[in-house]
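Text of query34.txt, listed as compact mmCIF, C-alpha atoms:
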# COMPACT_ATOMS: atom_id res chain seq x y z
CA MET X 959 193.18 120.14 112.12
CA THR X 960 191.28 119.43 108.89
CA LEU X 961 187.58 118.68 108.64
CA ARG X 962 188.44 115.20 107.39
CA PHE X 963 190.41 114.39 110.55
CA ILE X 964 187.65 115.84 112.73
CA ARG X 965 185.05 113.66 111.02
CA SER X 966 187.30 110.60 111.32
CA GLY X 967 187.85 111.20 115.01
CA LEU X 968 184.16 111.78 115.55
CA SER X 969 183.34 108.52 113.77
CA LEU X 970 185.74 106.61 116.01
CA MET X 971 184.24 108.20 119.12
CA LEU X 972 180.71 107.35 118.00
CA ALA X 973 181.74 103.76 117.22
CA ALA X 974 183.38 103.39 120.63
CA THR X 975 180.30 104.83 122.32
CA ALA X 976 178.05 102.45 120.36
CA PHE X 977 180.19 99.44 121.32
CA GLN X 978 180.15 100.48 124.97
CA ALA X 979 176.37 100.87 124.90
CA LEU X 980 176.02 97.48 123.21
CA ALA X 981 178.17 95.84 125.87
CA GLN X 982 176.16 97.44 128.66
CA ASP X 983 172.90 96.26 127.08
CA PHE X 984 174.17 92.78 126.18
CA PRO X 985 172.48 90.38 126.45
CA ASN X 986 168.86 91.56 126.57
CA ARG X 987 167.19 88.53 124.96
CA ALA X 988 167.58 84.79 124.51
CA MET X 989 170.73 83.50 122.84
CA THR X 990 171.47 80.47 120.66
CA MET X 991 174.40 78.07 120.99
CA VAL X 992 174.73 75.96 117.85
CA MET X 993 176.01 72.38 118.18
CA PRO X 994 176.71 71.19 114.62
CA TYR X 995 176.12 67.52 115.42
CA ALA X 996 173.07 65.45 116.27
CA ALA X 997 171.35 65.49 119.66
CA GLY X 998 172.34 62.73 122.07
CA GLY X 999 176.06 62.69 121.31
CA PRO X 1000 178.89 63.89 123.57
CA GLY X 1001 179.10 67.29 121.89
CA ASP X 1002 175.42 67.83 122.54
CA THR X 1003 175.86 66.95 126.22
CA ILE X 1004 178.83 69.29 126.61
CA THR X 1005 177.03 72.11 124.81
CA ARG X 1006 174.00 71.80 127.08
CA VAL X 1007 176.20 71.84 130.20
CA PHE X 1008 177.84 75.10 129.12
CA ALA X 1009 174.66 76.67 127.80
CA GLY X 1010 173.08 76.10 131.20
CA ALA X 1011 176.08 77.41 133.10
CA MET X 1012 176.71 80.49 130.95
CA GLN X 1013 173.09 81.59 130.97
CA LYS X 1014 173.31 81.88 134.75
CA HIS X 1015 176.21 84.33 134.41
CA LEU X 1016 174.74 86.24 131.45
CA GLY X 1017 171.20 86.47 132.80
CA GLN X 1018 169.51 85.26 129.60
CA GLN X 1019 168.38 81.87 128.34
CA ILE X 1020 170.73 80.07 125.95
CA VAL X 1021 168.94 77.71 123.58
CA VAL X 1022 170.90 74.78 122.10
CA ASP X 1023 170.39 74.36 118.35
CA ASN X 1024 171.46 70.99 116.90
CA THR X 1025 172.13 71.65 113.20
CA ALA X 1026 173.84 68.47 112.04
CA GLY X 1027 175.27 67.33 108.73
CA ALA X 1028 178.33 67.47 106.47
CA SER X 1029 180.83 66.84 109.28
CA GLY X 1030 179.53 69.80 111.24
CA SER X 1031 179.94 72.27 108.39
CA ILE X 1032 176.20 72.98 108.00
CA GLY X 1033 175.80 74.23 111.56
CA THR X 1034 179.15 75.98 111.44
CA ALA X 1035 178.16 77.86 108.28
CA LYS X 1036 174.93 78.88 109.99
CA VAL X 1037 176.91 80.66 112.70
CA ALA X 1038 179.32 82.22 110.18
CA ARG X 1039 176.31 83.81 108.43
CA ALA X 1040 174.66 84.97 111.67
CA LYS X 1041 174.57 88.59 112.71
CA PRO X 1042 177.77 89.35 114.67
CA ASP X 1043 176.05 90.57 117.81
CA GLY X 1044 176.90 87.80 120.29
CA TYR X 1045 173.47 86.18 120.22
CA THR X 1046 174.51 83.22 118.02
CA LEU X 1047 177.46 81.12 119.17
CA LEU X 1048 179.19 77.95 118.01
CA MET X 1049 180.38 75.14 120.26
CA ILE X 1050 182.59 72.82 118.23
CA HIS X 1051 185.54 70.48 118.50
CA VAL X 1052 188.19 69.21 116.11
CA SER X 1053 185.96 69.25 113.02
CA HIS X 1054 186.44 73.03 112.93
CA ALA X 1055 190.09 72.33 112.13
CA THR X 1056 189.72 69.27 109.89
CA ASN X 1057 186.88 70.27 107.56
CA GLN X 1058 189.19 72.60 105.68
CA ALA X 1059 191.40 69.61 104.82
CA MET X 1060 188.49 67.47 103.60
CA TYR X 1061 186.30 69.78 101.60
CA LYS X 1062 187.35 71.32 98.32
CA SER X 1063 185.37 74.40 99.28
CA LEU X 1064 183.58 75.43 102.46
CA PRO X 1065 180.94 78.17 102.84
CA TYR X 1066 183.13 79.68 105.56
CA HIS X 1067 186.77 79.93 106.67
CA PRO X 1068 187.48 78.39 110.10
CA VAL X 1069 189.84 81.20 111.10
CA ASP X 1070 188.79 84.26 109.12
CA ASP X 1071 185.01 84.01 109.68
CA PHE X 1072 184.95 83.52 113.46
CA GLU X 1073 185.96 85.21 116.70
CA PRO X 1074 187.39 82.74 119.25
CA ILE X 1075 185.92 83.06 122.74
CA GLY X 1076 187.81 80.30 124.54
CA ARG X 1077 188.36 76.61 125.06
CA ALA X 1078 185.84 74.76 127.19
CA THR X 1079 186.86 71.12 127.65
CA SER X 1080 189.60 68.60 127.15
CA GLY X 1081 188.91 64.89 127.06
CA PRO X 1082 190.41 61.55 126.01
CA MET X 1083 188.85 58.93 123.78
CA VAL X 1084 187.90 55.33 124.51
CA ILE X 1085 187.55 52.26 122.28
CA VAL X 1086 184.22 50.50 122.86
CA ALA X 1087 182.33 47.65 121.22
CA ARG X 1088 178.94 45.94 121.17
CA ASN X 1089 178.34 43.77 124.21
CA ASP X 1090 178.68 40.47 122.35
CA PHE X 1091 181.90 41.37 120.53
CA PRO X 1092 184.04 38.19 120.71
CA ALA X 1093 187.19 39.60 122.37
CA LYS X 1094 187.35 39.26 126.16
CA ASN X 1095 190.18 41.75 126.77
CA LEU X 1096 192.42 44.27 125.02
CA ASN X 1097 194.98 41.77 123.74
CA GLU X 1098 192.21 39.61 122.30
CA PHE X 1099 190.61 42.71 120.80
CA VAL X 1100 193.83 43.67 118.99
CA ALA X 1101 194.29 40.11 117.74
CA TYR X 1102 190.67 39.78 116.61
CA VAL X 1103 190.63 43.10 114.77
CA LYS X 1104 193.90 42.30 113.01
CA GLY X 1105 192.72 38.81 112.05
CA ASN X 1106 189.18 39.74 111.00
CA SER X 1107 189.48 43.27 109.67
CA ALA X 1108 187.43 42.53 106.54
CA LYS X 1109 184.32 41.81 108.59
CA VAL X 1110 184.71 44.26 111.49
CA SER X 1111 182.57 47.42 111.23
CA LEU X 1112 183.79 50.72 112.67
CA ALA X 1113 181.12 53.33 113.41
CA HIS X 1114 181.90 57.03 113.50
CA ALA X 1115 180.07 60.35 113.59
CA GLY X 1116 180.97 61.38 110.05
CA VAL X 1117 184.15 62.04 108.13
CA GLY X 1118 186.38 64.45 110.04
CA SER X 1119 184.58 63.98 113.36
CA ALA X 1120 186.45 63.12 116.55
CA SER X 1121 185.34 59.50 116.34
CA HIS X 1122 186.46 59.27 112.70
CA LEU X 1123 189.90 60.69 113.53
CA CYS X 1124 190.20 58.31 116.47
CA GLY X 1125 189.19 55.37 114.28
CA LEU X 1126 191.63 56.44 111.56
CA MET X 1127 194.48 56.65 114.06
CA MET X 1128 193.52 53.23 115.45
CA MET X 1129 193.52 51.64 111.99
CA ASN X 1130 196.90 53.22 111.26
CA ALA X 1131 198.35 52.00 114.55
CA LEU X 1132 197.04 48.45 114.02
CA ASN X 1133 197.81 48.50 110.28
CA VAL X 1134 194.28 47.38 109.32
CA LYS X 1135 191.42 48.62 107.18
CA LEU X 1136 187.98 48.23 108.75
CA ASN X 1137 184.51 48.71 107.28
CA GLU X 1138 183.68 52.30 108.19
CA ILE X 1139 180.04 53.14 108.88
CA PRO X 1140 179.47 56.92 109.02
CA TYR X 1141 176.60 58.51 110.96
CA LYS X 1142 175.34 62.07 111.37
CA GLY X 1143 176.53 62.17 114.95
CA THR X 1144 177.79 59.98 117.77
CA GLY X 1145 174.31 59.64 119.29
CA PRO X 1146 172.91 57.50 116.44
CA ALA X 1147 176.23 55.63 116.12
CA LEU X 1148 176.16 54.74 119.82
CA THR X 1149 172.52 53.66 119.57
CA ASP X 1150 173.36 51.22 116.79
CA LEU X 1151 176.41 50.00 118.73
CA MET X 1152 174.21 49.23 121.74
CA GLY X 1153 171.76 47.49 119.40
CA GLY X 1154 174.50 45.33 117.89
CA GLN X 1155 174.19 46.76 114.37
CA VAL X 1156 177.88 47.81 114.33
CA ASP X 1157 180.95 46.34 116.01
CA ILE X 1158 183.19 49.06 117.42
CA LEU X 1159 183.40 52.78 118.02
CA CYS X 1160 186.27 55.00 119.16
CA ASP X 1161 184.87 58.13 120.73
CA GLN X 1162 184.86 60.64 123.54
CA THR X 1163 184.39 59.47 127.08
CA SER X 1164 181.49 61.90 127.59
CA GLY X 1165 179.26 59.72 125.44
CA THR X 1166 180.72 56.28 126.04
CA VAL X 1167 181.56 56.07 129.76
CA PRO X 1168 177.92 56.21 130.98
CA SER X 1169 176.96 53.39 128.59
CA VAL X 1170 179.98 51.33 129.69
CA LYS X 1171 179.10 51.77 133.36
CA THR X 1172 175.51 50.65 132.77
CA GLY X 1173 176.70 47.58 130.89
CA LYS X 1174 175.22 48.51 127.53
CA ILE X 1175 178.57 48.33 125.71
CA LYS X 1176 182.09 47.03 126.43
CA ALA X 1177 185.20 49.18 126.79
CA TYR X 1178 188.58 47.81 125.66
CA ALA X 1179 191.02 50.69 125.98
CA SER X 1180 191.60 54.40 126.38
CA ALA X 1181 193.03 55.98 123.25
CA GLY X 1182 196.16 57.23 124.89
CA LYS X 1183 199.04 56.49 127.25
CA ASN X 1184 197.07 56.46 130.50
CA ARG X 1185 194.06 54.74 131.99
CA LEU X 1186 190.93 56.75 132.60
CA PRO X 1187 190.03 57.60 136.22
CA GLN X 1188 186.38 56.89 135.40
CA LEU X 1189 187.26 53.42 134.04
CA PRO X 1190 190.25 52.31 136.13
CA ASP X 1191 189.95 48.66 135.06
CA VAL X 1192 190.15 49.55 131.36
CA PRO X 1193 193.77 49.57 130.09
CA ALA X 1194 195.40 52.13 127.85
CA ILE X 1195 195.94 51.03 124.25
CA SER X 1196 199.69 51.29 124.84
CA ASP X 1197 199.35 48.45 127.39
CA ALA X 1198 198.91 46.11 124.42
CA GLY X 1199 202.10 47.37 122.82
CA VAL X 1200 200.25 49.65 120.38
CA GLU X 1201 202.30 52.82 119.91
CA GLY X 1202 201.67 56.13 118.17
CA PHE X 1203 198.01 56.26 119.08
CA GLU X 1204 196.97 59.15 121.29
CA ILE X 1205 194.18 61.64 120.76
CA ASN X 1206 192.57 64.21 123.03
CA ILE X 1207 189.51 66.24 122.02
CA SER X 1208 188.83 69.82 123.07
CA PHE X 1209 185.63 71.83 122.57
CA GLY X 1210 185.81 75.55 121.97
CA LEU X 1211 183.34 78.42 121.75
CA TYR X 1212 183.21 80.85 118.81
CA ALA X 1213 181.18 83.86 117.67
CA PRO X 1214 180.76 85.23 114.13
CA LYS X 1215 183.54 87.45 112.81
CA GLY X 1216 182.96 91.11 113.62
CA THR X 1217 181.30 90.55 116.99
CA PRO X 1218 182.23 93.64 119.05
CA LYS X 1219 185.07 93.15 121.53
CA PRO X 1220 183.03 94.34 124.55
CA VAL X 1221 180.51 91.57 123.79
CA LEU X 1222 183.28 89.02 123.28
CA ASP X 1223 184.78 90.05 126.61
CA GLN X 1224 181.46 89.38 128.35
CA LEU X 1225 181.16 85.99 126.67
CA THR X 1226 184.73 85.06 127.60
CA GLY X 1227 184.06 86.12 131.18
CA ALA X 1228 180.96 83.93 131.36
CA LEU X 1229 182.89 81.00 129.90
CA GLN X 1230 185.73 81.44 132.40
CA LYS X 1231 183.26 81.48 135.29
CA SER X 1232 181.60 78.36 133.86
CA VAL X 1233 184.79 76.30 133.54
CA SER X 1234 185.58 77.17 137.16
CA ASP X 1235 182.08 76.27 138.38
CA PRO X 1236 182.31 73.20 140.69
CA GLU X 1237 178.97 71.88 139.40
CA VAL X 1238 180.13 72.09 135.78
CA ARG X 1239 183.42 70.40 136.58
CA GLN X 1240 181.64 67.65 138.49
CA ARG X 1241 179.17 66.98 135.67
CA LEU X 1242 181.96 66.82 133.10
CA GLU X 1243 184.18 64.61 135.23
CA ALA X 1244 181.30 62.18 135.62
CA MET X 1245 181.37 61.85 131.83
CA GLY X 1246 185.12 61.28 131.75
CA ILE X 1247 186.25 64.70 130.53
CA SER X 1248 187.59 67.86 132.13
CA ALA X 1249 186.77 71.53 131.98
CA VAL X 1250 189.89 73.47 131.07
CA GLY X 1251 191.45 75.94 133.45
CA ALA X 1252 190.31 79.56 133.22
CA GLU X 1253 193.64 80.47 131.57
CA LEU X 1254 192.65 78.35 128.54
CA ALA X 1255 189.08 79.67 128.39
CA ARG X 1256 190.18 82.77 126.51
CA PRO X 1257 190.48 83.77 122.84
CA GLU X 1258 194.27 83.53 122.55
CA ALA X 1259 194.34 79.95 123.84
CA LEU X 1260 191.59 78.80 121.47
CA ARG X 1261 193.20 80.56 118.52
CA ALA X 1262 196.52 78.78 119.17
CA HIS X 1263 194.78 75.43 119.71
CA LEU X 1264 192.89 75.73 116.43
CA LYS X 1265 196.08 76.50 114.50
CA ASN X 1266 197.80 73.46 116.02
CA GLU X 1267 194.89 71.15 115.11
CA ILE X 1268 194.73 72.49 111.56
CA ASP X 1269 198.43 71.70 111.19
CA THR X 1270 198.45 68.27 112.89
CA LEU X 1271 195.05 66.60 112.50
CA GLY X 1272 194.22 68.38 109.28
CA GLY X 1273 197.62 67.24 108.07
CA LEU X 1274 196.77 63.66 109.07
CA LEU X 1275 193.69 63.70 106.85
CA ILE X 1276 195.55 65.23 103.94
CA LYS X 1277 198.27 62.58 104.23
CA ALA X 1278 195.63 59.83 104.35
CA GLY X 1279 193.87 61.28 101.32
CA VAL X 1280 190.57 61.53 103.18
CA LYS X 1281 187.98 63.67 101.42
CA ALA X 1282 184.32 64.31 102.23
CA ASN X 1283 181.78 63.00 99.73
Could the structure of this file be written out as structure tokens, please?
Amino acid sequence: MTLRFIRSGLSLMLAATAFQALAQDFPNRAMTMVMPYAAGGPGDTITRVFAGAMQKHLGQQIVVDNTAGASGSIGTAKVARAKPDGYTLLMIHVSHATNQAMYKSLPYHPVDDFEPIGRATSGPMVIVARNDFPAKNLNEFVAYVKGNSAKVSLAHAGVGSASHLCGLMMMNALNVKLNEIPYKGTGPALTDLMGGQVDILCDQTSGTVPSVKTGKIKAYASAGKNRLPQLPDVPAISDAGVEGFEINISFGLYAPKGTPKPVLDQLTGALQKSVSDPEVRQRLEAMGISAVGAELARPEALRAHLKNEIDTLGGLLIKAGVKAN
């Protein structure tokens, strides 16, 4: 055996020992979970639910960092540049797949610069409007939007966001072009909707259902084939004969590329325990979304889901010619 092979083997043994020691010591200080959209929106709520649940299983505080802007790419880039030690994580939804289609260049690669930890949630979308929007029901809503598209404003949380994709699919299905009003997150968009500054919003149930139930906004339809258990009196958009309009949003958890596998395994374990936690599931269900099963809260499932969204939803944006400013 040559000296070169001995040194190589020794290096591998030392690296393995270092990784094992890191895993045993991890975590030994507070962690950060970046949510790349504004506080107050559905993503922020979901992130805080999982930060609170995972910190119980990891034994260290997890601080939520809202770094909004540029369709989530500012906060995402922040995590890509972070030290790959497991202390800085990213909770993100479909924008992780769609930004690549919209931006000529990104300061990160959605696949190559991150380690998937696992999926966290799956949730439908709902079409809502300001309380004094003229339509009394779904059929009237469809007719009004088609007949008054030039003066109807559509709020969304920024180009490439879940609400933007939902709105784009709705406009395609209804064959209309509405006045799009972009925000830096669903929170501010929902605030303006409740204040009557914008007309409609198509977004995740986690942000909209509570406001519908308290009477602050009106719900017209779920963006899919089925009614929502949380809003049983609200029809599905297909009930009005609108076809080809179905969207479901999933949040996933990532770490920077190069994070040691023993650390990733601990993070995946904490995520799997969290999605199975009855309190977490109850809190999410109250918002109209679901925690995924433990079998989906793992790296392989998130990796496959990301690839599918890059192909389908990213493809939708490319076909529509949507580009970020």
Distance query segment 1129-1146 of chain X at most 6 Å, all atoms listed in the file, self and fewer than 2 positions along chain excluded, as a list of chain:residue names
X:Tyr995, X:Ala996, X:Gly998, X:Gly999, X:Gly1027, X:Ser1107, X:Val1110, X:Ser1111, X:Leu1112, X:Ala1113, X:His1114, X:Ala1115, X:Gly1116, X:Leu1126, X:Met1127, X:Leu1148, X:Thr1149
Limited to C-alpha atoms, could you put the picked residues into a file as a PDB file, in the frame of the given file?
ATOM      1  CA  TYR X 995     176.120  67.520 115.420  1.00  0.00           C
ATOM      2  CA  ALA X 996     173.070  65.450 116.270  1.00  0.00           C
ATOM      3  CA  GLY X 998     172.340  62.730 122.070  1.00  0.00           C
ATOM      4  CA  GLY X 999     176.060  62.690 121.310  1.00  0.00           C
ATOM      5  CA  GLY X1027     175.270  67.330 108.730  1.00  0.00           C
ATOM      6  CA  SER X1107     189.480  43.270 109.670  1.00  0.00           C
ATOM      7  CA  VAL X1110     184.710  44.260 111.490  1.00  0.00           C
ATOM      8  CA  SER X1111     182.570  47.420 111.230  1.00  0.00           C
ATOM      9  CA  LEU X1112     183.790  50.720 112.670  1.00  0.00           C
ATOM     10  CA  ALA X1113     181.120  53.330 113.410  1.00  0.00           C
ATOM     11  CA  HIS X1114     181.900  57.030 113.500  1.00  0.00           C
ATOM     12  CA  ALA X1115     180.070  60.350 113.590  1.00  0.00           C
ATOM     13  CA  GLY X1116     180.970  61.380 110.050  1.00  0.00           C
ATOM     14  CA  LEU X1126     191.630  56.440 111.560  1.00  0.00           C
ATOM     15  CA  MET X1127     194.480  56.650 114.060  1.00  0.00           C
ATOM     16  CA  LEU X1148     176.160  54.740 119.820  1.00  0.00           C
ATOM     17  CA  THR X1149     172.520  53.660 119.570  1.00  0.00           C
TER      18      THR X1149
END
Please, which residues in segment 1237-1279 of chain X fall within 10 Å of segment 1194-1212 of chain X when counting all atoms listed in the file, and what is the closest atom pair and distance in Å to one decimal for each, ordered by chain then residue number, as a Markdown table?
| residue | atom | partner | partner_atom | distance |
| --- | --- | --- | --- | --- |
| X:Ile1247 | CA | X:Ile1207 | CA | 9.2 |
| X:Ser1248 | CA | X:Ser1208 | CA | 9.4 |
| X:Ala1249 | CA | X:Ser1208 | CA | 9.3 |
| X:Val1250 | CA | X:Ser1208 | CA | 8.9 |
| X:Leu1254 | CA | X:Gly1210 | CA | 9.9 |
| X:Ala1255 | CA | X:Gly1210 | CA | 8.3 |
| X:Arg1256 | CA | X:Leu1211 | CA | 9.4 |
| X:Pro1257 | CA | X:Tyr1212 | CA | 8.8 |
| X:Ala1259 | CA | X:Gly1210 | CA | 9.8 |
| X:Leu1260 | CA | X:Gly1210 | CA | 6.6 |
| X:Arg1261 | CA | X:Gly1210 | CA | 9.6 |
| X:His1263 | CA | X:Ser1208 | CA | 8.8 |
| X:Leu1264 | CA | X:Gly1210 | CA | 9.0 |
| X:Leu1271 | CA | X:Ile1205 | CA | 9.7 |
Would you mind listing, for every residue of segment 1174-1230 of chain X within 9 Å of segment 1054-1075 of chain X, the two atoms forming the shortest contact and the distance between them in Å to one decimal, using only C-alpha atoms, sorted by chain and ascending residue number, as CSV?
residue,atom,partner,partner_atom,distance
X:Gly1210,CA,X:Ile1075,CA,7.6
X:Leu1211,CA,X:Ile1075,CA,5.4
X:Tyr1212,CA,X:Pro1074,CA,4.6
X:Ala1213,CA,X:Glu1073,CA,5.1
X:Pro1214,CA,X:Phe1072,CA,4.6
X:Lys1215,CA,X:Phe1072,CA,4.2
X:Gly1216,CA,X:Glu1073,CA,7.3
X:Thr1217,CA,X:Glu1073,CA,7.1
X:Leu1222,CA,X:Ile1075,CA,6.5
X:Asp1223,CA,X:Ile1075,CA,8.1
X:Leu1225,CA,X:Ile1075,CA,6.8
X:Thr1226,CA,X:Ile1075,CA,5.4
X:Leu1229,CA,X:Ile1075,CA,8.0
Selected residues written out with C-alpha atoms, as a compact mmCIF listing (two decimals), in the coordinates of the input:
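New file result-v4.txt:
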# COMPACT_ATOMS: atom_id res chain seq x y z
CA GLY X 1210 185.81 75.55 121.97
CA LEU X 1211 183.34 78.42 121.75
CA TYR X 1212 183.21 80.85 118.81
CA ALA X 1213 181.18 83.86 117.67
CA PRO X 1214 180.76 85.23 114.13
CA LYS X 1215 183.54 87.45 112.81
CA GLY X 1216 182.96 91.11 113.62
CA THR X 1217 181.30 90.55 116.99
CA LEU X 1222 183.28 89.02 123.28
CA ASP X 1223 184.78 90.05 126.61
CA LEU X 1225 181.16 85.99 126.67
CA THR X 1226 184.73 85.06 127.60
CA LEU X 1229 182.89 81.00 129.90
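With distances restricted to only C-alpha atoms, X:Arg1088 is the closest residue to Gly1154 of chain X from X:Arg1077, X:Arg1088, X:Lys1094, X:Lys1176.
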Separation of atom CA of Ala1120 of chain X and atom CA of His1051 of chain X, in Å?
7.7 Å
Have a look at X:Ala1011, X:Ile1276, X:Leu1048, X:Val1167 and name the one nearest to Asp1235 of chain X; count all atoms listed in the file.
X:Ala1011
Just to confirm, what's the straight-line distance from atom CA of Ser1169 of chain X to atom CA of Val1192 of chain X in Å (one decimal)?
14.0 Å
Calculated over all atoms listed in the file, which of the candidates X:Met1245, X:Ile1175, X:Ala1282, X:Val1170 has the smallest distance to Ser1031 of chain X?
X:Ala1282
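Checking X:Val1117, X:Ile1020, X:Ile1268, X:Met1152 one by one against Asn1089 of chain X, counting all atoms listed in the file, you find the shortest gap at X:Met1152.
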